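Undergrad: final-v1.cif is the file, holding mmCIF, C-alpha atoms:
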```cif
data_entry
#
loop_
_atom_site.group_PDB
_atom_site.id
_atom_site.type_symbol
_atom_site.label_atom_id
_atom_site.label_comp_id
_atom_site.auth_asym_id
_atom_site.auth_seq_id
_atom_site.Cartn_x
_atom_site.Cartn_y
_atom_site.Cartn_z
ATOM 1 C CA MET T 1 0.000 0.000 0.000
ATOM 2 C CA LYS T 2 1.127 3.571 -0.604
ATOM 3 C CA GLU T 3 0.201 6.644 1.389
ATOM 4 C CA PHE T 4 -1.973 9.328 -0.179
ATOM 5 C CA ALA T 5 -1.635 12.673 1.565
ATOM 6 C CA VAL T 6 -4.744 14.704 2.381
ATOM 7 C CA ALA T 7 -3.971 18.205 3.611
ATOM 8 C CA SER T 8 -4.461 18.636 7.368
ATOM 9 C CA HIS T 9 -5.962 15.138 7.660
ATOM 10 C CA ALA T 10 -4.776 11.579 8.180
ATOM 11 C CA PRO T 11 -3.428 9.995 4.964
ATOM 12 C CA SER T 12 -5.059 7.176 3.013
ATOM 13 C CA PHE T 13 -3.425 3.824 2.238
ATOM 14 C CA LEU T 14 -3.992 3.025 -1.446
ATOM 15 C CA PRO T 15 -3.334 -0.235 -3.339
ATOM 16 C CA GLU T 16 -0.142 -0.278 -5.370
ATOM 17 C CA GLY T 17 -0.003 -0.465 -9.159
ATOM 18 C CA LYS T 18 -2.635 2.143 -10.032
ATOM 19 C CA ASN T 19 -2.904 5.905 -10.130
ATOM 20 C CA TRP T 20 -5.756 6.860 -7.812
ATOM 21 C CA LYS T 21 -7.909 9.990 -7.905
ATOM 22 C CA LEU T 22 -10.103 11.128 -4.996
ATOM 23 C CA VAL T 23 -13.683 11.434 -6.307
ATOM 24 C CA TRP T 24 -15.804 11.713 -3.139
ATOM 25 C CA SER T 25 -15.083 12.200 0.538
ATOM 26 C CA ASP T 26 -16.281 13.520 3.838
ATOM 27 C CA GLU T 27 -13.630 14.624 6.333
ATOM 28 C CA PHE T 28 -16.361 15.673 8.791
ATOM 29 C CA ASP T 29 -15.019 19.193 9.118
ATOM 30 C CA GLY T 30 -17.169 21.807 10.819
ATOM 31 C CA ASP T 31 -19.783 21.260 13.502
ATOM 32 C CA ARG T 32 -22.768 19.904 11.525
ATOM 33 C CA LEU T 33 -23.214 16.784 9.427
ATOM 34 C CA ASP T 34 -23.261 17.539 5.691
ATOM 35 C CA LEU T 35 -26.784 16.511 4.720
ATOM 36 C CA SER T 36 -26.014 17.045 1.043
ATOM 37 C CA LYS T 37 -23.888 13.887 1.343
ATOM 38 C CA TRP T 38 -25.686 11.818 3.994
ATOM 39 C CA ASP T 39 -29.143 10.787 5.104
ATOM 40 C CA PHE T 40 -30.220 8.535 7.969
ATOM 41 C CA ARG T 41 -31.360 4.962 7.607
ATOM 42 C CA ARG T 42 -34.426 4.468 9.796
ATOM 43 C CA GLU T 43 -36.245 1.504 8.245
ATOM 44 C CA ILE T 44 -35.267 -1.989 7.157
ATOM 45 C CA MET T 45 -37.319 -4.056 4.705
ATOM 46 C CA GLY T 46 -40.393 -1.855 5.065
ATOM 47 C CA VAL T 47 -40.393 -1.718 8.863
ATOM 48 C CA ARG T 48 -39.267 1.104 11.146
ATOM 49 C CA ASN T 49 -36.273 -0.065 13.194
ATOM 50 C CA GLY T 50 -36.404 1.246 16.745
ATOM 51 C CA SER T 51 -32.605 1.101 16.826
ATOM 52 C CA TRP T 52 -32.159 4.085 14.514
ATOM 53 C CA CYS T 53 -32.769 7.805 14.844
ATOM 54 C CA GLY T 54 -31.342 10.918 13.187
ATOM 55 C CA GLU T 55 -29.136 13.905 13.952
ATOM 56 C CA GLU T 56 -29.650 13.633 17.698
ATOM 57 C CA ALA T 57 -27.286 10.609 17.648
ATOM 58 C CA VAL T 58 -24.564 12.373 15.651
ATOM 59 C CA ARG T 59 -22.064 14.972 16.820
ATOM 60 C CA LEU T 60 -19.200 16.604 14.917
ATOM 61 C CA ASP T 61 -16.480 17.695 17.334
ATOM 62 C CA GLY T 62 -14.851 20.481 15.298
ATOM 63 C CA ALA T 63 -11.670 18.404 14.995
ATOM 64 C CA SER T 64 -12.800 16.536 11.857
ATOM 65 C CA ASN T 65 -14.452 13.609 13.629
ATOM 66 C CA CYS T 66 -18.028 12.383 13.451
ATOM 67 C CA HIS T 67 -19.188 10.852 16.729
ATOM 68 C CA ILE T 68 -22.026 8.369 16.294
ATOM 69 C CA LEU T 69 -23.624 8.140 19.708
ATOM 70 C CA LEU T 70 -25.550 5.510 21.614
ATOM 71 C CA ILE T 71 -28.424 7.364 23.308
ATOM 72 C CA GLU T 72 -31.688 6.836 25.120
ATOM 73 C CA LYS T 73 -34.661 8.553 23.515
ATOM 74 C CA ASP T 74 -38.345 8.085 24.350
ATOM 75 C CA GLY T 75 -37.525 4.934 26.275
ATOM 76 C CA LEU T 76 -35.582 3.433 23.359
ATOM 77 C CA ILE T 77 -31.844 2.870 22.984
ATOM 78 C CA GLN T 78 -30.888 4.326 19.614
ATOM 79 C CA THR T 79 -27.976 5.239 17.369
ATOM 80 C CA ALA T 80 -27.465 6.411 13.777
ATOM 81 C CA GLN T 81 -26.747 4.692 10.465
ATOM 82 C CA LEU T 82 -25.567 7.177 7.831
ATOM 83 C CA GLN T 83 -26.133 6.391 4.163
ATOM 84 C CA THR T 84 -25.521 8.066 0.812
ATOM 85 C CA GLY T 85 -28.431 6.282 -0.879
ATOM 86 C CA TYR T 86 -31.521 4.170 -0.401
ATOM 87 C CA ASN T 87 -32.588 0.567 -0.849
ATOM 88 C CA PHE T 88 -35.928 0.307 -2.632
ATOM 89 C CA MET T 89 -37.268 -2.233 -0.116
ATOM 90 C CA ASP T 90 -36.393 -0.334 3.069
ATOM 91 C CA ALA T 91 -38.819 2.570 3.354
ATOM 92 C CA GLU T 92 -41.814 1.938 5.597
ATOM 93 C CA ARG T 93 -44.895 1.058 3.570
ATOM 94 C CA THR T 94 -48.422 2.306 4.178
ATOM 95 C CA GLU T 95 -51.686 1.648 2.388
ATOM 96 C CA GLU T 96 -52.086 5.300 1.464
ATOM 97 C CA GLY T 97 -50.985 5.993 -2.076
ATOM 98 C CA THR T 98 -50.236 2.378 -2.962
ATOM 99 C CA ARG T 99 -53.403 1.613 -4.931
ATOM 100 C CA TYR T 100 -52.746 0.033 -8.327
ATOM 101 C CA SER T 101 -55.947 -1.394 -9.875
ATOM 102 C CA GLY T 102 -58.404 -4.206 -9.382
ATOM 103 C CA GLY T 103 -57.864 -4.114 -5.621
ATOM 104 C CA LEU T 104 -54.105 -4.610 -5.959
ATOM 105 C CA ASN T 105 -51.484 -2.577 -4.077
ATOM 106 C CA TRP T 106 -47.994 -1.529 -5.109
ATOM 107 C CA PRO T 107 -45.935 -2.951 -2.207
ATOM 108 C CA ILE T 108 -43.080 -0.418 -2.348
ATOM 109 C CA ALA T 109 -43.021 2.919 -0.538
ATOM 110 C CA PRO T 110 -42.168 6.171 -2.375
ATOM 111 C CA LEU T 111 -38.653 6.008 -3.775
ATOM 112 C CA LYS T 112 -35.908 8.546 -3.073
ATOM 113 C CA LYS T 113 -33.072 9.707 -5.284
ATOM 114 C CA SER T 114 -29.707 8.649 -3.857
ATOM 115 C CA LYS T 115 -27.141 11.289 -2.917
ATOM 116 C CA PHE T 116 -24.083 9.295 -4.060
ATOM 117 C CA LEU T 117 -23.808 6.027 -5.969
ATOM 118 C CA HIS T 118 -20.569 4.592 -7.318
ATOM 119 C CA GLY T 119 -19.052 1.466 -8.834
ATOM 120 C CA PHE T 120 -15.492 0.217 -9.308
ATOM 121 C CA GLY T 121 -12.972 2.001 -7.101
ATOM 122 C CA TYR T 122 -11.316 2.065 -3.689
ATOM 123 C CA TYR T 123 -13.361 2.824 -0.570
ATOM 124 C CA GLU T 124 -11.825 3.708 2.782
ATOM 125 C CA CYS T 125 -12.883 4.690 6.298
ATOM 126 C CA ARG T 126 -10.772 5.596 9.310
ATOM 127 C CA CYS T 127 -12.601 5.061 12.568
ATOM 128 C CA ARG T 128 -12.486 4.143 16.248
ATOM 129 C CA LEU T 129 -14.813 1.287 17.134
ATOM 130 C CA GLN T 130 -17.345 1.242 19.957
ATOM 131 C CA GLN T 131 -15.782 0.490 23.338
ATOM 132 C CA ARG T 132 -18.627 -1.318 25.113
ATOM 133 C CA GLU T 133 -20.972 -4.242 24.436
ATOM 134 C CA GLY T 134 -24.587 -4.034 23.253
ATOM 135 C CA TRP T 135 -24.264 -2.525 19.790
ATOM 136 C CA TRP T 136 -22.236 -2.943 16.623
ATOM 137 C CA SER T 137 -20.585 -0.670 14.082
ATOM 138 C CA ALA T 138 -20.166 -1.136 10.334
ATOM 139 C CA PHE T 139 -18.776 0.341 7.122
ATOM 140 C CA TRP T 140 -20.453 -1.243 4.111
ATOM 141 C CA MET T 141 -22.124 -0.841 0.729
ATOM 142 C CA GLN T 142 -25.486 -1.833 -0.665
ATOM 143 C CA SER T 143 -27.238 -1.719 -4.015
ATOM 144 C CA PRO T 144 -30.509 0.226 -4.283
ATOM 145 C CA ILE T 145 -32.070 -2.808 -6.017
ATOM 146 C CA ILE T 146 -30.305 -5.791 -4.452
ATOM 147 C CA GLY T 147 -32.277 -8.999 -4.922
ATOM 148 C CA ALA T 148 -34.526 -7.594 -7.658
ATOM 149 C CA SER T 149 -33.208 -10.304 -10.004
ATOM 150 C CA LEU T 150 -31.028 -13.405 -9.856
ATOM 151 C CA ASP T 151 -28.285 -11.557 -11.762
ATOM 152 C CA ALA T 152 -26.054 -10.053 -9.052
ATOM 153 C CA ALA T 153 -24.000 -8.216 -11.668
ATOM 154 C CA GLN T 154 -27.134 -6.319 -12.642
ATOM 155 C CA THR T 155 -28.770 -5.802 -9.240
ATOM 156 C CA GLY T 156 -25.792 -5.643 -6.916
ATOM 157 C CA VAL T 157 -23.971 -7.163 -3.962
ATOM 158 C CA GLU T 158 -23.907 -6.103 -0.331
ATOM 159 C CA ILE T 159 -20.231 -5.542 0.525
ATOM 160 C CA ASP T 160 -19.434 -5.610 4.261
ATOM 161 C CA ILE T 161 -16.053 -3.908 4.513
ATOM 162 C CA MET T 162 -16.054 -3.734 8.315
ATOM 163 C CA GLU T 163 -18.369 -5.078 10.999
ATOM 164 C CA SER T 164 -17.543 -4.970 14.691
ATOM 165 C CA PHE T 165 -19.909 -6.768 17.058
ATOM 166 C CA HIS T 166 -17.662 -6.557 20.113
ATOM 167 C CA PRO T 167 -15.086 -3.995 21.336
ATOM 168 C CA GLY T 168 -11.621 -4.532 19.859
ATOM 169 C CA GLU T 169 -12.952 -6.967 17.242
ATOM 170 C CA CYS T 170 -13.526 -6.883 13.478
ATOM 171 C CA ILE T 171 -15.118 -9.983 11.909
ATOM 172 C CA THR T 172 -14.318 -11.391 8.455
ATOM 173 C CA HIS T 173 -15.374 -9.380 5.398
ATOM 174 C CA CYS T 174 -18.533 -10.655 3.720
ATOM 175 C CA CYS T 175 -20.499 -10.245 0.491
ATOM 176 C CA HIS T 176 -24.217 -10.997 0.145
ATOM 177 C CA TRP T 177 -26.326 -11.224 -3.001
ATOM 178 C CA GLY T 178 -29.689 -12.497 -4.222
ATOM 179 C CA GLY T 179 -31.601 -10.410 -1.689
ATOM 180 C CA TYR T 180 -32.309 -11.500 1.855
ATOM 181 C CA GLY T 181 -34.831 -14.286 1.409
ATOM 182 C CA ILE T 182 -34.752 -17.787 -0.017
ATOM 183 C CA ASP T 183 -32.405 -16.739 -2.863
ATOM 184 C CA HIS T 184 -29.779 -15.265 -0.510
ATOM 185 C CA LEU T 185 -26.156 -16.315 -1.038
ATOM 186 C CA SER T 186 -22.929 -15.112 0.580
ATOM 187 C CA ALA T 187 -19.153 -15.473 0.652
ATOM 188 C CA HIS T 188 -16.557 -14.226 3.115
ATOM 189 C CA ASP T 189 -12.798 -14.050 3.578
ATOM 190 C CA GLY T 190 -10.148 -12.470 5.771
ATOM 191 C CA GLU T 191 -8.942 -12.763 9.317
ATOM 192 C CA GLY T 192 -10.268 -9.552 10.805
ATOM 193 C CA PHE T 193 -8.893 -9.100 14.313
ATOM 194 C CA ARG T 194 -9.686 -9.749 17.961
ATOM 195 C CA GLY T 195 -8.233 -8.432 21.159
ATOM 196 C CA ALA T 196 -7.180 -5.056 19.745
ATOM 197 C CA PRO T 197 -7.145 -2.065 22.112
ATOM 198 C CA ALA T 198 -10.726 -0.810 22.192
ATOM 199 C CA ASP T 199 -9.664 2.817 21.851
ATOM 200 C CA ALA T 200 -7.395 2.278 18.799
ATOM 201 C CA TRP T 201 -7.981 3.919 15.425
ATOM 202 C CA HIS T 202 -8.177 1.652 12.359
ATOM 203 C CA VAL T 203 -8.322 2.171 8.591
ATOM 204 C CA PHE T 204 -10.634 -0.160 6.653
ATOM 205 C CA GLY T 205 -10.441 -0.272 2.853
ATOM 206 C CA MET T 206 -11.879 -2.200 -0.082
ATOM 207 C CA GLU T 207 -10.957 -2.243 -3.765
ATOM 208 C CA TRP T 208 -13.884 -3.179 -6.006
ATOM 209 C CA SER T 209 -12.754 -4.187 -9.495
ATOM 210 C CA GLU T 210 -13.321 -6.659 -12.312
ATOM 211 C CA LYS T 211 -11.465 -9.196 -10.134
ATOM 212 C CA GLY T 212 -13.859 -8.872 -7.200
ATOM 213 C CA TYR T 213 -13.416 -7.263 -3.799
ATOM 214 C CA THR T 214 -10.078 -6.984 -1.992
ATOM 215 C CA PHE T 215 -10.194 -5.913 1.654
ATOM 216 C CA TYR T 216 -7.582 -4.075 3.709
ATOM 217 C CA ILE T 217 -7.093 -3.306 7.393
ATOM 218 C CA ASP T 218 -4.577 -0.652 8.446
ATOM 219 C CA GLY T 219 -2.846 -0.749 5.058
ATOM 220 C CA LYS T 220 -2.512 -4.543 4.845
ATOM 221 C CA GLU T 221 -4.515 -6.897 2.637
ATOM 222 C CA ASP T 222 -6.958 -8.968 4.662
ATOM 223 C CA GLY T 223 -9.058 -11.076 2.327
ATOM 224 C CA HIS T 224 -10.541 -11.245 -1.147
ATOM 225 C CA VAL T 225 -13.932 -12.309 -2.516
ATOM 226 C CA SER T 226 -13.778 -12.960 -6.250
ATOM 227 C CA GLY T 227 -17.444 -12.563 -7.020
ATOM 228 C CA PRO T 228 -20.046 -12.240 -8.191
ATOM 229 C CA VAL T 229 -18.866 -8.847 -9.358
ATOM 230 C CA SER T 230 -21.517 -6.167 -9.060
ATOM 231 C CA ARG T 231 -21.812 -3.782 -11.992
ATOM 232 C CA CYS T 232 -24.594 -1.888 -10.292
ATOM 233 C CA PRO T 233 -23.733 1.492 -8.732
ATOM 234 C CA GLU T 234 -24.053 1.243 -4.950
ATOM 235 C CA PHE T 235 -24.267 3.523 -1.936
ATOM 236 C CA ILE T 236 -22.148 3.793 1.215
ATOM 237 C CA LEU T 237 -23.315 3.187 4.764
ATOM 238 C CA VAL T 238 -21.375 3.911 7.954
ATOM 239 C CA GLY T 239 -22.812 3.790 11.422
ATOM 240 C CA ALA T 240 -24.139 1.452 14.059
ATOM 241 C CA GLU T 241 -27.094 -0.639 15.197
ATOM 242 C CA VAL T 242 -28.313 -1.649 18.646
ATOM 243 C CA GLN T 243 -28.344 -5.295 19.658
ATOM 244 C CA GLY T 244 -31.770 -6.760 20.387
ATOM 245 C CA TYR T 245 -34.027 -4.969 17.910
ATOM 246 C CA ARG T 246 -33.799 -7.784 15.356
ATOM 247 C CA GLN T 247 -34.949 -10.317 17.945
ATOM 248 C CA LYS T 248 -38.577 -11.369 18.347
ATOM 249 C CA ASP T 249 -39.390 -8.863 21.103
ATOM 250 C CA HIS T 250 -37.642 -5.940 19.291
ATOM 251 C CA LEU T 251 -36.118 -4.622 22.523
ATOM 252 C CA PRO T 252 -32.557 -3.472 23.243
ATOM 253 C CA THR T 253 -30.345 -5.754 25.279
ATOM 254 C CA ALA T 254 -29.345 -4.998 28.862
ATOM 255 C CA GLU T 255 -25.771 -4.443 27.605
ATOM 256 C CA ALA T 256 -27.036 -1.787 25.173
ATOM 257 C CA ARG T 257 -28.864 0.046 27.938
ATOM 258 C CA ALA T 258 -25.774 -0.003 30.135
ATOM 259 C CA SER T 259 -23.515 1.253 27.314
ATOM 260 C CA ALA T 260 -25.948 4.060 26.464
ATOM 261 C CA ALA T 261 -26.010 5.127 30.112
ATOM 262 C CA LEU T 262 -22.216 5.442 29.995
ATOM 263 C CA GLY T 263 -22.252 7.414 26.732
ATOM 264 C CA ASP T 264 -20.483 4.982 24.395
ATOM 265 C CA GLU T 265 -19.744 6.113 20.823
ATOM 266 C CA PHE T 266 -18.390 5.039 17.420
ATOM 267 C CA VAL T 267 -16.116 7.712 15.933
ATOM 268 C CA VAL T 268 -15.450 8.226 12.211
ATOM 269 C CA ASP T 269 -12.519 10.348 11.042
ATOM 270 C CA TYR T 270 -13.205 10.196 7.302
ATOM 271 C CA VAL T 271 -14.844 8.286 4.447
ATOM 272 C CA ARG T 272 -13.132 8.488 1.015
ATOM 273 C CA VAL T 273 -13.717 7.082 -2.465
ATOM 274 C CA PHE T 274 -11.026 6.853 -5.148
ATOM 275 C CA ASP T 275 -11.103 5.961 -8.848
ATOM 276 C CA ALA T 276 -8.223 4.367 -10.744
ATOM 277 C CA GLU T 277 -7.205 6.757 -13.505
#
```
What would the structure in this file look like if it were written as structure tokens?
TA:
Amino acid sequence: MKEFAVASHAPSFLPEGKNWKLVWSDEFDGDRLDLSKWDFRREIMGVRNGSWCGEEAVRLDGASNCHILLIEKDGLIQTAQLQTGYNFMDAERTEEGTRYSGGLNWPIAPLKKSKFLHGFGYYECRCRLQQREGWWSAFWMQSPIIGASLDAAQTGVEIDIMESFHPGECITHCCHWGGYGIDHLSAHDGEGFRGAPADAWHVFGMEWSEKGYTFYIDGKEDGHVSGPVSRCPEFILVGAEVQGYRQKDHLPTAEARASAALGDEFVVDYVRVFDAE
């Protein structure tokens, strides 16, 4: 890997052998989240997820860091999942405005135009993981139309660049395609890490190319998934989710409540996207 200098900010670690050009980034300068770049994920597969809220769980510290907080709001334990686009199946559906004809309903909520979609390139995030149990952080990508056909090249692949379910731990990198039902398929690779200092900063990267997806941690290659190769532009997500809300009772775990009481946070220094010239 070679360093790529960014003025007044931590450098990037870029794969060797190509000339890279920065095409999109957020250094989280200032004191407010740039809503021209990001929106908040609040629903999943047509259902509101009690785990997620909006700007109240995000704080920019004026030193180019975005703090994604674990908070208690209206009796719920919540955090934020930032995204640059939208999955067509996520938005909460209502009967109003869904009428088609002959008593049929269109089962998809109003669609939104994504803020940033991109394909082949190098994607990187520098962050400090959560330091307590009860929630998990992630840096990943998703297609707006994943699972809409059996052709993953056409409708996209979920690319999990980083997921951390426990402090000081990053699990293997994983790709999912075919949607999230009976047609779902996946592949994973890499070692990740365990037992790292919980307060350490890490750089997670992924090169998406004709050869598949190559993953990096702190400037070193850590796994490769050869395909299927998505040719569908995808959006970026970075943020967290609270443990417990995907269980049958849809309630946060005791660990999540304890971590929220102590003010735990997931901190993001930057997110950058590069193209090979």
Undergrad: Pick out the closest residue to Arg246 in chain T from this set: T:Met1, T:Val157, T:Leu22, T:Val47. Count all atoms listed in the file.
TA: T:Val47
Undergrad: Which residues of range 22-131 of chain T come within 8 Å of range 138-149 of chain T, and what is each one's closest atom pair and distance in Å (one decimal), counting only C-alpha atoms, sorted by chain and residue number, as CSV?
TA:
```
residue,atom,partner,partner_atom,distance
T:Gly85,CA,T:Pro144,CA,7.3
T:Tyr86,CA,T:Pro144,CA,5.6
T:Asn87,CA,T:Pro144,CA,4.0
T:Phe88,CA,T:Pro144,CA,5.7
T:Met89,CA,T:Ile145,CA,7.9
T:Cys125,CA,T:Phe139,CA,7.4
```
Undergrad: Rounded to one decimal place, report the CA of His224 in chain T-CA of Gly205 in chain T distance in Å.
TA: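 Rounded to one decimal, the two atoms are 11.7 Å apart.
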Undergrad: So that I can see what lies close to range 189-196 of chain T, please list as a list in words the residues with an atom at most 8 Å from it, counting all atoms listed in the file and leaving out residues fewer than 4 positions away in the same chain.
TA: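 Within the cut-off, the hits are Gly168, Glu169, Cys170, Ile171, Thr172, His173, Cys174, Ala200, Phe215, Ile217, Asp222, Gly223, His224 and Val225 of chain T.
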Undergrad: Counting all atoms listed in the file, which of T:Gly239, T:Asp39, T:Trp24, T:Lys248 gets nearest to Cys66 in chain T?
TA: T:Gly239
Undergrad: Might you spell out which residues the PyMOL selection byres ((chain T and resi 3) around 8) would select in the displayed file, as a list in words?
TA: Met1, Lys2, Phe4, Ala5, Pro11, Ser12, Phe13 and Leu14 of chain T
Undergrad: Could you jot down the CA of Arg42 in chain T to CA of Ala91 in chain T separation for me, Å, one decimal place?
TA: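 Value for the CA of Arg42 in chain T-CA of Ala91 in chain T distance: 8.0 Å.
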Undergrad: Quick one: residues within 8 Å of Trp201 in chain T, all atoms listed in the file counted, chain neighbours fewer than 4 positions away excluded, as a PyMOL selection string?
TA: chain T and resi 126-129
Undergrad: Mind listing whatever residues come within 10 Å of the point (-24.7, 10.0, 17.1)? Use all atoms listed in the file, file coordinates, and give them as a ChimeraX atom specification.
TA: /T:52-60,66-71,78-82,239-240,264-267
Undergrad: As a list of chain:residue names, please: the residues near Ala63 in chain T (cut-off 10 Å, all atoms listed in the file, same-chain neighbours under 3 positions excluded).
TA: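 Residues near the query, excluding close chain neighbours: T:His9, T:Glu27, T:Phe28, T:Asp29, T:Gly30, T:Asp31, T:Leu60, T:Cys66, T:Asp269.
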Undergrad: Mind giving me the straight-line distance from CA of Ala109 in chain T to CA of Gln247 in chain T in Å, one decimal?
TA: 24.1 Å
Undergrad: Considering all atoms listed in the file, state which residue in the set T:Gly179, T:Gly62, T:Pro107, T:Gly50 is at the smallest distance from Ile77 in chain T.
TA: T:Gly50
Undergrad: For Gly121 in chain T, please output as a list of chain:residue names all residues within 6 Å (counting only C-alpha atoms; exclusion window: fewer than 3 positions along the same chain).
TA: T:Glu207, T:Trp208, T:Phe274, T:Asp275
Undergrad: Using all atoms listed in the file, what residues lie at most 6 Å away from (-16.0, -8.0, -8.0) (file coordinates), given as a PDB file with C-alpha atoms, keeping the file's coordinate frame?
TA:
```
ATOM      1  CA  TRP T 208     -13.884  -3.179  -6.006  1.00  0.00           C
ATOM      2  CA  SER T 209     -12.754  -4.187  -9.495  1.00  0.00           C
ATOM      3  CA  GLU T 210     -13.321  -6.659 -12.312  1.00  0.00           C
ATOM      4  CA  LYS T 211     -11.465  -9.196 -10.134  1.00  0.00           C
ATOM      5  CA  GLY T 212     -13.859  -8.872  -7.200  1.00  0.00           C
ATOM      6  CA  TYR T 213     -13.416  -7.263  -3.799  1.00  0.00           C
ATOM      7  CA  SER T 226     -13.778 -12.960  -6.250  1.00  0.00           C
ATOM      8  CA  GLY T 227     -17.444 -12.563  -7.020  1.00  0.00           C
ATOM      9  CA  PRO T 228     -20.046 -12.240  -8.191  1.00  0.00           C
ATOM     10  CA  VAL T 229     -18.866  -8.847  -9.358  1.00  0.00           C
ATOM     11  CA  SER T 230     -21.517  -6.167  -9.060  1.00  0.00           C
TER      12      SER T 230
END
```
Undergrad: Can you pull out every residue within 8 Å of Thr84 in chain T, counting all atoms listed in the file, but drop anything in the same chain fewer than 4 positions away, and send it as a list in words?
TA: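 Close residues of Thr84 in chain T: Lys37, Trp38, Asp39, Ser114, Lys115, Phe116, Leu117, Phe235, Ile236 and Leu237 of chain T.
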